[in-house]
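First up is the structure itself, then whatever we jot down about it.
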Amino acid sequence: MVSDSQRRGILIGLAGGTGAGKTLVAQTIAQDLGSDSVLLIEQDSYYKDLHHIPLGERENRNFDHPDSFDRDLLRAHLEKLLAGGEVDMPIYDMRTHTRVSQPLRIRGRRIIMLDGLLVLEDPGLRHLMDIKIYVDADPDIRFIRRLKRDLTERGRTLDQVIRQYESSVRPMHLQFVEPSKRYADLVIPEGGYNFVAIDLIKTKIQSLLAETA
């Protein structure tokens, strides 16, 4: 029998384009497996803090490039969480593009789900993953979802959303996000509404949990 202190957590990476449904897939799996054993982490929490840049200039930054994330900090935190430790996870304010002053203290759990645009693009993150998933959806569906989200949740204007999509979101998707699909163990079309794929993932997770019990 492996003790709790010796167990390594299971890391599941969920990548895919903006608005593909990554978060819905992660939340559905977490709810079905039980929140006590699943920790959800969003790559967006690890955006670099832009407090040193004038507010009016921040929205012009490319937030869809791998270098916009603090990748070293994310990898270090995941390694500690997978070992059962605690970390102070940043909390990122999408309206101001800055980290809030008080981070969130979190502890590793048996299952850690990492959700983000570029989690499969980073070799260091892929090396830590037990399951790699790419969530797919048609470009027009993804754009509509992003438009609705940015208008209602992130305080963007219609012009801002369209300009950002044309200047960075779509080009970076084609350059970095879409190519990372080849690293996935499983590609899920239709996002969180593909219940067959979600059931397959849950079965695989339960198998991994049994192996490390």
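Labels for the structure tokens follow display order: chains A, B, ..., residues from 1 in each chain, ligands from 1.
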
**Prompt:** Can you list every residue in segment 68-212 of chain A that DSSP puts in alpha helix (DSSP H), as a PyMOL selection string?
**Reply:** chain A and resi 71-82+123-128+139-153+158-164+170-172+195-211

Please identify every residue of segment 132-206 of chain A that has at least one atom no farther than 6 Å from an atom of segment 20-28 of chain A, counting only C-alpha atoms, and for each give the shortest atom pair and the distance in Å to one decimal, arranged by chain then increasing number, as a tab-separated table.
residue	atom	partner	partner_atom	distance
A:Val135	CA	A:Lys22	CA	5.9
A:Asp136	CA	A:Ala20	CA	5.6
A:Ala137	CA	A:Ala20	CA	5.1
A:Arg142	CA	A:Ala20	CA	5.5
A:Gly191	CA	A:Gly21	CA	4.6
A:Gly192	CA	A:Val25	CA	4.4

Using only C-alpha atoms, what table do you get, as JSON lines, when you list each residue of segment 116-202 of chain A with an atom no more than 12 Å from segment 89-112 of chain A, its nearest pair of atoms, and their distance in Å rounded to one decimal, rows by chain then rising number?
{"residue": "A:Leu128", "atom": "CA", "partner": "A:Ile112", "partner_atom": "CA", "distance": 10.9}
{"residue": "A:Met129", "atom": "CA", "partner": "A:Ile112", "partner_atom": "CA", "distance": 9.5}
{"residue": "A:Asp130", "atom": "CA", "partner": "A:Ile112", "partner_atom": "CA", "distance": 10.1}
{"residue": "A:Ile131", "atom": "CA", "partner": "A:Ile112", "partner_atom": "CA", "distance": 10.6}
{"residue": "A:Arg149", "atom": "CA", "partner": "A:Met94", "partner_atom": "CA", "distance": 11.6}
{"residue": "A:Asp150", "atom": "CA", "partner": "A:Met94", "partner_atom": "CA", "distance": 9.5}
{"residue": "A:Leu151", "atom": "CA", "partner": "A:Arg95", "partner_atom": "CA", "distance": 11.0}
{"residue": "A:Thr152", "atom": "CA", "partner": "A:Arg95", "partner_atom": "CA", "distance": 11.3}
{"residue": "A:Glu153", "atom": "CA", "partner": "A:Arg95", "partner_atom": "CA", "distance": 8.7}
{"residue": "A:Arg154", "atom": "CA", "partner": "A:Arg95", "partner_atom": "CA", "distance": 5.5}
{"residue": "A:Gly155", "atom": "CA", "partner": "A:Arg95", "partner_atom": "CA", "distance": 6.4}
{"residue": "A:Arg156", "atom": "CA", "partner": "A:Arg95", "partner_atom": "CA", "distance": 8.1}
{"residue": "A:Thr157", "atom": "CA", "partner": "A:Arg95", "partner_atom": "CA", "distance": 11.7}
{"residue": "A:Lys202", "atom": "CA", "partner": "A:Ile111", "partner_atom": "CA", "distance": 11.2}

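Look at segment 115-120 of chain A: the protein and nucleic acid residues within 6 Å of it, using only C-alpha atoms and passing over chain neighbours fewer than 5 places away, are Leu14, Ala15, Gly16, Gly17, Glu42, Gln43, Arg126, Val177 and Ser180 of chain A.
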
**Prompt:** What gap, in Å, lies between atom CA of Ile141 of chain A and atom CA of Val187 of chain A?
**Reply:**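 A separation of 17.0 Å between them.
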
**Request:** Per DSSP on the backbone, filter segment 82-193 of chain A down to the residues in strand (DSSP E) and report them as a ChimeraX atom specification.
**Result:** /A:86-89,92-93,98-99,104-107,111-115,131-136,186-189

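Of the residues listed (A:Asp44, A:Asp67, A:Asp49, A:Asp185), A:Asp185 shows the shortest atom-to-atom separation from Tyr134 of chain A; distances use only C-alpha atoms.
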
**Prompt:** Hey, which of A:Glu121, A:Asp140, A:Glu79, A:Asp70 ends up closest to Tyr165 of chain A? Count only C-alpha atoms.
**Reply:**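 Nearest candidate to Tyr165 of chain A out of A:Glu121, A:Asp140, A:Glu79, A:Asp70: A:Asp140.
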
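Considering the residues A:Leu74, A:Leu39, A:Leu147, A:Ala83 and counting only C-alpha atoms, Asp122 of chain A has its shortest atom-to-atom contact with A:Leu74.
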
**Asked** From the set A:Gly84, A:Pro123, A:Ser167, A:Val161, which residue has the shortest atom-to-atom contact distance to Arg145 of chain A, counting only C-alpha atoms?
**Response**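 Counting only C-alpha atoms, the residue closest to Arg145 of chain A is A:Val161.
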
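One finds atom CA of Lys80 of chain A at 21.1 Å from atom CA of Glu211 of chain A.
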
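Distance check against Phe143 of chain A using only C-alpha atoms: of A:Gly9, A:Gly124, A:Pro66, A:Gly19, the minimum falls on A:Gly19.
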
**Message:** Please determine, counting only C-alpha atoms, which residue among A:Gln160, A:Phe176, A:Ser207, A:Pro139 has the shortest atom-to-atom distance to Glu190 of chain A.
**Reply:**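 Looking only at the distances to Glu190 of chain A, the closest residue turns out to be A:Pro139.
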